[in-house]
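File shown: start.pdb. Contents: PDB, C-alpha atoms.
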```pdb
ATOM      1  CA  MET E   1      -5.735  13.220  -7.444
ATOM      2  CA  LYS E   2      -7.101  12.661 -10.901
ATOM      3  CA  GLY E   3     -10.483  11.287 -11.832
ATOM      4  CA  LYS E   4     -11.097   7.631 -11.181
ATOM      5  CA  ARG E   5     -10.313   5.225 -13.999
ATOM      6  CA  ARG E   6     -13.338   3.353 -15.306
ATOM      7  CA  LYS E   7     -13.084  -0.146 -13.896
ATOM      8  CA  PRO E   8     -13.147  -2.899 -16.552
ATOM      9  CA  GLU E   9     -15.593  -5.759 -16.241
ATOM     10  CA  GLN E  10     -12.702  -8.177 -15.655
ATOM     11  CA  ARG E  11     -10.128  -6.587 -13.394
ATOM     12  CA  PRO E  12      -6.632  -7.927 -12.751
ATOM     13  CA  MET E  13      -6.534  -9.592  -9.343
ATOM     14  CA  VAL E  14      -4.375 -10.499  -6.396
ATOM     15  CA  VAL E  15      -6.032 -13.590  -4.905
ATOM     16  CA  PHE E  16      -5.008 -15.344  -1.686
ATOM     17  CA  SER E  17      -6.173 -17.264   1.342
ATOM     18  CA  LYS E  18      -5.153 -16.656   4.941
ATOM     19  CA  TYR E  19      -2.509 -19.371   4.688
ATOM     20  CA  GLY E  20      -1.157 -19.027   1.163
ATOM     21  CA  PRO E  21       0.840 -16.792  -1.183
ATOM     22  CA  TYR E  22      -0.366 -13.957  -3.376
ATOM     23  CA  THR E  23      -1.718 -15.416  -6.614
ATOM     24  CA  ILE E  24      -1.404 -12.832  -9.385
ATOM     25  CA  VAL E  25      -3.966 -12.982 -12.186
ATOM     26  CA  ASP E  26      -3.765 -11.084 -15.502
ATOM     27  CA  ILE E  27      -0.997  -8.703 -14.460
ATOM     28  CA  ASP E  28       2.030  -8.441 -16.740
ATOM     29  CA  ASN E  29       3.554  -5.282 -15.271
ATOM     30  CA  LEU E  30       5.730  -6.536 -12.404
ATOM     31  CA  THR E  31       8.849  -4.494 -11.725
ATOM     32  CA  ASP E  32      11.318  -3.575  -9.048
ATOM     33  CA  ALA E  33      11.525  -0.026  -7.693
ATOM     34  CA  LYS E  34      13.862   0.981 -10.539
ATOM     35  CA  GLY E  35      11.495  -0.257 -13.235
ATOM     36  CA  ASN E  36      13.344  -3.466 -14.065
ATOM     37  CA  ALA E  37      10.847  -6.132 -15.146
ATOM     38  CA  PHE E  38      10.315  -9.499 -13.503
ATOM     39  CA  ALA E  39       9.036 -12.477 -15.482
ATOM     40  CA  THR E  40       5.261 -12.967 -15.403
ATOM     41  CA  ALA E  41       2.636 -15.428 -16.595
ATOM     42  CA  PRO E  42      -1.170 -15.286 -16.840
ATOM     43  CA  VAL E  43      -1.211 -16.723 -13.311
ATOM     44  CA  PHE E  44       1.766 -16.812 -10.923
ATOM     45  CA  SER E  45       2.468 -16.576  -7.198
ATOM     46  CA  LEU E  46       4.432 -14.111  -5.098
ATOM     47  CA  CYS E  47       5.783 -14.774  -1.611
ATOM     48  CA  ARG E  48       4.025 -13.224   1.383
ATOM     49  CA  CYS E  49       5.554 -15.285   4.198
ATOM     50  CA  GLY E  50       9.027 -13.781   3.823
ATOM     51  CA  GLN E  51      10.712 -17.206   3.718
ATOM     52  CA  SER E  52      10.937 -18.013   0.004
ATOM     53  CA  GLU E  53      14.413 -18.571  -1.446
ATOM     54  CA  LYS E  54      13.115 -17.356  -4.810
ATOM     55  CA  LYS E  55      11.769 -13.938  -3.827
ATOM     56  CA  PRO E  56       9.717 -12.228  -5.034
ATOM     57  CA  TYR E  57       8.184 -15.528  -6.172
ATOM     58  CA  CYS E  58       6.660 -18.151  -3.878
ATOM     59  CA  ASP E  59       8.539 -21.445  -3.504
ATOM     60  CA  GLY E  60       6.128 -23.094  -1.060
ATOM     61  CA  SER E  61       8.047 -22.110   2.073
ATOM     62  CA  HIS E  62       4.859 -20.818   3.707
ATOM     63  CA  VAL E  63       3.752 -24.426   4.267
ATOM     64  CA  GLU E  64       6.837 -25.449   6.255
ATOM     65  CA  ALA E  65       6.863 -22.107   8.087
ATOM     66  CA  GLY E  66       3.231 -22.521   9.166
ATOM     67  CA  PHE E  67       2.429 -19.067   7.862
ATOM     68  CA  THR E  68      -0.912 -17.505   8.737
ATOM     69  CA  GLY E  69      -2.334 -14.199   7.610
ATOM     70  CA  ASP E  70      -4.151 -13.349  10.842
ATOM     71  CA  LYS E  71      -4.249  -9.727  11.954
ATOM     72  CA  ALA E  72      -2.719  -9.018  15.360
ATOM     73  CA  ASP E  73      -4.965  -7.790  18.156
ATOM     74  CA  ASP E  74      -2.492  -5.015  18.987
ATOM     75  CA  ARG E  75      -2.275  -3.604  15.454
ATOM     76  CA  VAL E  76      -2.766   0.123  14.897
ATOM     77  CA  PRO E  77      -6.528   0.751  14.640
ATOM     78  CA  ASP E  78      -8.033   1.159  11.178
ATOM     79  CA  ARG E  79      -9.353   4.664  11.716
ATOM     80  CA  LEU E  80      -9.493   7.774   9.531
ATOM     81  CA  LYS E  81      -8.467  11.105  11.069
ATOM     82  CA  ASN E  82      -9.096  14.479   9.461
ATOM     83  CA  TYR E  83      -6.780  17.492   9.525
ATOM     84  CA  GLU E  84      -8.807  20.458   8.346
ATOM     85  CA  GLY E  85      -7.207  23.453   6.647
ATOM     86  CA  LYS E  86      -8.689  26.522   5.026
ATOM     87  CA  GLU E  87      -8.403  25.174   1.477
ATOM     88  CA  ILE E  88      -7.699  21.479   1.924
ATOM     89  CA  THR E  89      -8.440  18.735   4.427
ATOM     90  CA  ILE E  90      -5.869  15.980   4.750
ATOM     91  CA  HIS E  91      -7.108  12.522   5.747
ATOM     92  CA  ASP E  92      -4.844   9.983   7.419
ATOM     93  CA  ASN E  93      -5.434   6.342   8.338
ATOM     94  CA  ARG E  94      -2.486   5.195  10.457
ATOM     95  CA  GLY E  95      -3.914   1.681  10.420
ATOM     96  CA  VAL E  96      -2.890   1.104   6.799
ATOM     97  CA  CYS E  97       0.317   3.166   6.714
ATOM     98  CA  SER E  98       3.374   1.299   5.374
ATOM     99  CA  HIS E  99       5.797   3.916   6.746
ATOM    100  CA  ASP E 100       7.249   4.568   3.318
ATOM    101  CA  GLY E 101       8.379   7.961   4.639
ATOM    102  CA  THR E 102       7.935   9.951   1.430
ATOM    103  CA  CYS E 103       5.600  12.448   3.060
ATOM    104  CA  VAL E 104       7.980  13.422   5.878
ATOM    105  CA  ARG E 105      10.990  13.530   3.570
ATOM    106  CA  GLU E 106       9.424  15.636   0.850
ATOM    107  CA  LEU E 107       7.147  17.956   2.825
ATOM    108  CA  PRO E 108       8.305  18.238   6.469
ATOM    109  CA  GLU E 109       6.491  21.564   6.748
ATOM    110  CA  VAL E 110       3.241  19.585   6.664
ATOM    111  CA  PHE E 111       4.212  16.091   7.821
ATOM    112  CA  ASP E 112       6.372  16.040  10.967
ATOM    113  CA  ARG E 113       6.350  12.979  13.230
ATOM    114  CA  ASP E 114       7.926  14.940  16.089
ATOM    115  CA  LYS E 115       5.005  17.364  16.338
ATOM    116  CA  ARG E 116       1.433  16.976  17.588
ATOM    117  CA  PRO E 117      -0.651  17.072  15.585
ATOM    118  CA  TRP E 118       1.809  15.545  13.138
ATOM    119  CA  ILE E 119      -0.021  16.938  10.083
ATOM    120  CA  ASN E 120      -0.301  20.703   9.490
ATOM    121  CA  PRO E 121      -2.607  21.412   6.501
ATOM    122  CA  HIS E 122      -1.521  25.073   6.514
ATOM    123  CA  GLY E 123       2.191  24.305   6.250
ATOM    124  CA  ALA E 124       2.524  24.406   2.449
ATOM    125  CA  SER E 125       0.617  25.241  -0.702
ATOM    126  CA  VAL E 126      -2.359  23.139  -1.728
ATOM    127  CA  ARG E 127      -0.476  22.027  -4.843
ATOM    128  CA  ALA E 128       2.531  20.863  -2.822
ATOM    129  CA  ILE E 129       0.268  18.938  -0.445
ATOM    130  CA  ILE E 130      -1.573  17.256  -3.307
ATOM    131  CA  GLU E 131       1.666  16.231  -5.025
ATOM    132  CA  THR E 132       2.984  14.709  -1.805
ATOM    133  CA  VAL E 133      -0.231  12.922  -0.850
ATOM    134  CA  GLU E 134      -0.393  11.381  -4.326
ATOM    135  CA  LYS E 135       2.959   9.697  -3.643
ATOM    136  CA  CYS E 136       1.601   7.802  -0.625
ATOM    137  CA  PRO E 137       1.729   4.139  -1.761
ATOM    138  CA  SER E 138      -0.485   2.630   0.939
ATOM    139  CA  GLY E 139      -3.587   4.802   0.601
ATOM    140  CA  ALA E 140      -3.169   6.017   4.185
ATOM    141  CA  LEU E 141      -3.183   9.623   2.972
ATOM    142  CA  SER E 142      -5.916  11.285   0.930
ATOM    143  CA  TYR E 143      -7.461  14.734   0.798
ATOM    144  CA  THR E 144     -10.677  16.668   0.350
ATOM    145  CA  ILE E 145     -11.165  19.929  -1.507
ATOM    146  CA  GLY E 146     -14.626  21.382  -1.212
ATOM    147  CA  THR E 147     -16.968  18.440  -0.790
ATOM    148  CA  ARG E 148     -14.997  15.900  -2.804
ATOM    149  CA  ARG E 149     -12.543  13.423  -1.313
ATOM    150  CA  TYR E 150      -9.668  12.390  -3.583
ATOM    151  CA  GLN E 151      -8.241   8.917  -3.015
ATOM    152  CA  ASP E 152      -7.486   7.398  -6.409
ATOM    153  CA  LEU E 153      -5.059   8.110  -9.225
ATOM    154  CA  ASP E 154      -5.489   7.183 -12.887
ATOM    155  CA  ARG E 155      -2.835   4.522 -13.485
ATOM    156  CA  GLU E 156      -2.444   1.292 -15.389
ATOM    157  CA  PRO E 157      -2.450  -1.922 -13.319
ATOM    158  CA  SER E 158       1.024  -2.679 -12.001
ATOM    159  CA  ILE E 159       2.895  -4.208  -9.091
ATOM    160  CA  ARG E 160       6.203  -2.793  -7.893
ATOM    161  CA  VAL E 161       8.412  -4.912  -5.651
ATOM    162  CA  ARG E 162      10.127  -2.600  -3.197
ATOM    163  CA  ARG E 163      13.638  -3.740  -2.261
ATOM    164  CA  LYS E 164      13.458  -5.143   1.282
ATOM    165  CA  GLY E 165       9.892  -3.851   1.434
ATOM    166  CA  PRO E 166       6.280  -4.448   0.403
ATOM    167  CA  LEU E 167       4.452  -4.834  -2.874
ATOM    168  CA  HIS E 168       3.121  -1.545  -4.242
ATOM    169  CA  ILE E 169      -0.212  -2.285  -5.917
ATOM    170  CA  GLU E 170      -1.552   0.294  -8.379
ATOM    171  CA  GLY E 171      -4.284   0.654 -10.988
ATOM    172  CA  PHE E 172      -7.475  -0.740  -9.456
ATOM    173  CA  ILE E 173      -6.178  -4.277  -9.106
ATOM    174  CA  GLU E 174      -8.793  -6.243  -7.195
ATOM    175  CA  ILE E 175      -7.736  -7.622  -3.815
ATOM    176  CA  LYS E 176      -9.646 -10.855  -3.290
ATOM    177  CA  ASP E 177      -9.210 -13.121  -0.270
ATOM    178  CA  ASP E 178     -11.144 -15.280   2.183
ATOM    179  CA  GLN E 179     -11.275 -12.515   4.790
ATOM    180  CA  TYR E 180     -13.085  -9.954   2.602
ATOM    181  CA  THR E 181     -10.173  -7.539   2.729
ATOM    182  CA  GLU E 182     -10.756  -4.025   1.413
ATOM    183  CA  PRO E 183      -7.942  -1.477   1.025
ATOM    184  CA  GLU E 184      -8.420   2.151   2.037
ATOM    185  CA  SER E 185      -8.064   3.118  -1.640
ATOM    186  CA  ALA E 186      -9.500   0.931  -4.387
ATOM    187  CA  GLU E 187      -6.721   2.122  -6.700
ATOM    188  CA  HIS E 188      -3.593   1.477  -4.642
ATOM    189  CA  CYS E 189      -2.291  -0.209  -1.504
ATOM    190  CA  THR E 190       0.816  -1.884  -0.083
ATOM    191  CA  LEU E 191       0.886  -5.617   0.641
ATOM    192  CA  CYS E 192       3.198  -7.170   3.232
ATOM    193  CA  ARG E 193       6.077  -9.275   1.935
ATOM    194  CA  CYS E 194       8.060  -9.931   5.119
ATOM    195  CA  GLY E 195       5.287 -12.008   6.684
ATOM    196  CA  GLN E 196       5.424 -10.127   9.988
ATOM    197  CA  SER E 197       2.978  -7.238   9.570
ATOM    198  CA  LYS E 198       0.392  -6.928  12.318
ATOM    199  CA  ASN E 199      -2.121  -5.755   9.730
ATOM    200  CA  LYS E 200      -1.841  -8.499   7.101
ATOM    201  CA  PRO E 201      -2.263  -8.512   4.192
ATOM    202  CA  PHE E 202      -1.254  -4.843   4.320
ATOM    203  CA  CYS E 203       2.247  -3.639   5.133
ATOM    204  CA  ASP E 204       2.634  -1.794   8.452
ATOM    205  CA  GLY E 205       6.356  -1.059   8.225
ATOM    206  CA  THR E 206       7.488  -4.080  10.243
ATOM    207  CA  HIS E 207      10.011  -4.956   7.513
ATOM    208  CA  LEU E 208      12.010  -1.936   8.710
ATOM    209  CA  ASP E 209      12.089  -3.178  12.302
ATOM    210  CA  ILE E 210      13.163  -6.737  11.450
ATOM    211  CA  ASP E 211      15.609  -5.735   8.685
ATOM    212  CA  PHE E 212      13.787  -7.845   6.129
ATOM    213  CA  ASP E 213      16.182  -9.202   3.495
ATOM    214  CA  ASP E 214      14.892 -10.156   0.047
ATOM    215  CA  THR E 215      18.274 -10.405  -1.663
ATOM    216  CA  LYS E 216      18.643 -14.174  -1.431
TER
END
```
Same coordinates, now as structure tokens:
Amino acid sequence: MKGKRRKPEQRPMVVFSKYGPYTIVDIDNLTDAKGNAFATAPVFSLCRCGQSEKKPYCDGSHVEAGFTGDKADDRVPDRLKNYEGKEITIHDNRGVCSHDGTCVRELPEVFDRDKRPWINPHGASVRAIIETVEKCPSGALSYTIGTRRYQDLDREPSIRVRRKGPLHIEGFIEIKDDQYTEPESAEHCTLCRCGQSKNKPFCDGTHLDIDFDDTK
């Protein structure tokens, strides 16, 4: 991963309480997965309860639904595990994984859910591993070469709305809530949009299990 972008004094923000929507501040790059732009304003709100009829925007449905952003007691533990290779160490935090699946699709020689351990740091070239890890949207995957851990890319602030999936946050956008939430990577993370994640505000892949529909 590239060197960390210098953080501006006033960073764009995603602000929210345990009971409310995502309030987006100073972010004008809001797109779908294909790059099509959504309308923005200096301050606007995106749905996180999964019930809005105006997705991706909030329409107040969280109030009637009694939405709460509590984490579930049986969520996957927030714990970093290291897979050491000769030239590279791969780090994985299953607790923040959004189950995007890019790693297993693009580099099955290294990432194979049917094997234990599921990560083999000797299975491909260092370059191939780096390129795949850098595509992890949640920050669950990172790597170390030598004594330096690489977690962050050098990207402009943006939010991508994944179809039937989470929000992909990139570019050192500050996550600010009343529960002092901190993502695994300061540069990128995935935020739940279906309202059912056990690890709110982060996506844990539950949208796949419940067949979350955002096409209304």
### Message
For the provided coordinates, the residues matched by the PyMOL selection byres ((chain E and resi 73) around 12) should be stated as number ranges by chain.
### Response
E: 70-72, 74-78, 197-200
### Message
Assuming the chain letters and numbering stay as they are in my file, what does the PyMOL selection byres ((chain E and resi 101) around 12) actually select? List them as number ranges by chain.
### Response
E: 97-100, 102-108, 111-113, 132-133, 135-138, 140-141, 204-205, 208
### Task
To verify the selection step, state as a PyMOL selection string which residues the PyMOL selection byres ((chain E and resi 56-68) around 9) yields on this input.
chain E and resi 18-22+38+44-55+69-70+161+193+195+214
### Task
Please identify all polymer residues lying at most 12 Å from the point (-14.4, 17.8, 1.8) (file coordinates), using only C-alpha atoms, and present the result as a ChimeraX atom specification.
/E:82-91,142-151
At a cut-off of 10 Å, using all atoms listed in the file, what residues contact Asn36 of chain E? Leave out same-chain residues fewer than 5 positions from it and give the result as a JSON list (two decimals) with C-alpha atoms, in the frame of the given file.
```
[["chain", "number", "residue", "atom", "x", "y", "z"],
["E", 30, "LEU", "CA", 5.73, -6.54, -12.40],
["E", 31, "THR", "CA", 8.85, -4.49, -11.72],
["E", 160, "ARG", "CA", 6.20, -2.79, -7.89],
["E", 161, "VAL", "CA", 8.41, -4.91, -5.65]]
```
Rebuild segment 59-70 of chain E to all heavy atoms - output it as a CSV table (one decimal), in the coordinates of the input, please.
```csv
chain,number,residue,atom,x,y,z
E,59,ASP,N,8.0,-20.1,-3.3
E,59,ASP,CA,8.5,-21.4,-3.5
E,59,ASP,C,7.9,-22.5,-2.6
E,59,ASP,O,8.4,-23.6,-2.4
E,59,ASP,CB,10.1,-21.4,-3.3
E,59,ASP,CG,10.5,-21.2,-1.9
E,59,ASP,OD1,9.6,-20.9,-1.0
E,59,ASP,OD2,11.7,-21.2,-1.6
E,60,GLY,N,6.8,-22.2,-1.9
E,60,GLY,CA,6.1,-23.1,-1.1
E,60,GLY,C,6.6,-23.1,0.4
E,60,GLY,O,6.1,-23.8,1.2
E,61,SER,N,7.5,-22.1,0.7
E,61,SER,CA,8.0,-22.1,2.1
E,61,SER,C,7.0,-21.8,3.1
E,61,SER,O,7.2,-22.1,4.3
E,61,SER,CB,9.2,-21.1,2.2
E,61,SER,OG,10.3,-21.4,1.4
E,62,HIS,N,5.9,-21.2,2.7
E,62,HIS,CA,4.9,-20.8,3.7
E,62,HIS,C,4.3,-22.1,4.4
E,62,HIS,O,3.8,-22.0,5.5
E,62,HIS,CB,3.7,-20.0,3.0
E,62,HIS,CG,3.1,-20.7,1.9
E,62,HIS,ND1,3.7,-20.8,0.6
E,62,HIS,CD2,2.0,-21.5,1.8
E,62,HIS,CE1,2.9,-21.5,-0.2
E,62,HIS,NE2,1.8,-21.9,0.5
E,63,VAL,N,4.3,-23.2,3.7
E,63,VAL,CA,3.8,-24.4,4.3
E,63,VAL,C,4.6,-24.9,5.4
E,63,VAL,O,4.1,-25.1,6.5
E,63,VAL,CB,3.7,-25.5,3.2
E,63,VAL,CG1,3.2,-26.8,3.8
E,63,VAL,CG2,2.7,-25.1,2.1
E,64,GLU,N,5.9,-25.0,5.2
E,64,GLU,CA,6.8,-25.4,6.3
E,64,GLU,C,6.9,-24.4,7.4
E,64,GLU,O,7.0,-24.8,8.6
E,64,GLU,CB,8.2,-25.7,5.7
E,64,GLU,CG,9.2,-26.2,6.7
E,64,GLU,CD,10.6,-26.5,6.0
E,64,GLU,OE1,10.7,-26.5,4.8
E,64,GLU,OE2,11.5,-26.8,6.8
E,65,ALA,N,6.8,-23.2,7.1
E,65,ALA,CA,6.9,-22.1,8.1
E,65,ALA,C,5.6,-22.0,8.9
E,65,ALA,O,5.6,-21.3,10.0
E,65,ALA,CB,7.2,-20.8,7.4
E,66,GLY,N,4.5,-22.6,8.5
E,66,GLY,CA,3.2,-22.5,9.2
E,66,GLY,C,2.7,-21.1,9.1
E,66,GLY,O,2.0,-20.7,10.1
E,67,PHE,N,2.9,-20.5,8.0
E,67,PHE,CA,2.4,-19.1,7.9
E,67,PHE,C,0.9,-18.9,8.0
E,67,PHE,O,0.1,-19.8,7.5
E,67,PHE,CB,2.8,-18.5,6.5
E,67,PHE,CG,2.3,-17.2,6.2
E,67,PHE,CD1,2.9,-16.0,6.8
E,67,PHE,CD2,1.2,-17.0,5.4
E,67,PHE,CE1,2.3,-14.8,6.5
E,67,PHE,CE2,0.6,-15.8,5.1
E,67,PHE,CZ,1.2,-14.6,5.7
E,68,THR,N,0.5,-17.9,8.7
E,68,THR,CA,-0.9,-17.5,8.7
E,68,THR,C,-1.1,-16.0,8.6
E,68,THR,O,-0.2,-15.2,9.0
E,68,THR,CB,-1.5,-17.9,10.1
E,68,THR,OG1,-2.9,-17.5,10.1
E,68,THR,CG2,-0.8,-17.4,11.3
E,69,GLY,N,-2.1,-15.6,7.9
E,69,GLY,CA,-2.3,-14.2,7.6
E,69,GLY,C,-3.2,-13.5,8.6
E,69,GLY,O,-3.9,-12.5,8.3
E,70,ASP,N,-3.3,-14.0,9.8
E,70,ASP,CA,-4.2,-13.3,10.8
E,70,ASP,C,-3.7,-11.9,11.2
E,70,ASP,O,-2.4,-11.7,11.2
E,70,ASP,CB,-4.1,-14.2,12.1
E,70,ASP,CG,-4.9,-15.5,12.0
E,70,ASP,OD1,-6.0,-15.5,11.3
E,70,ASP,OD2,-4.4,-16.5,12.5
```
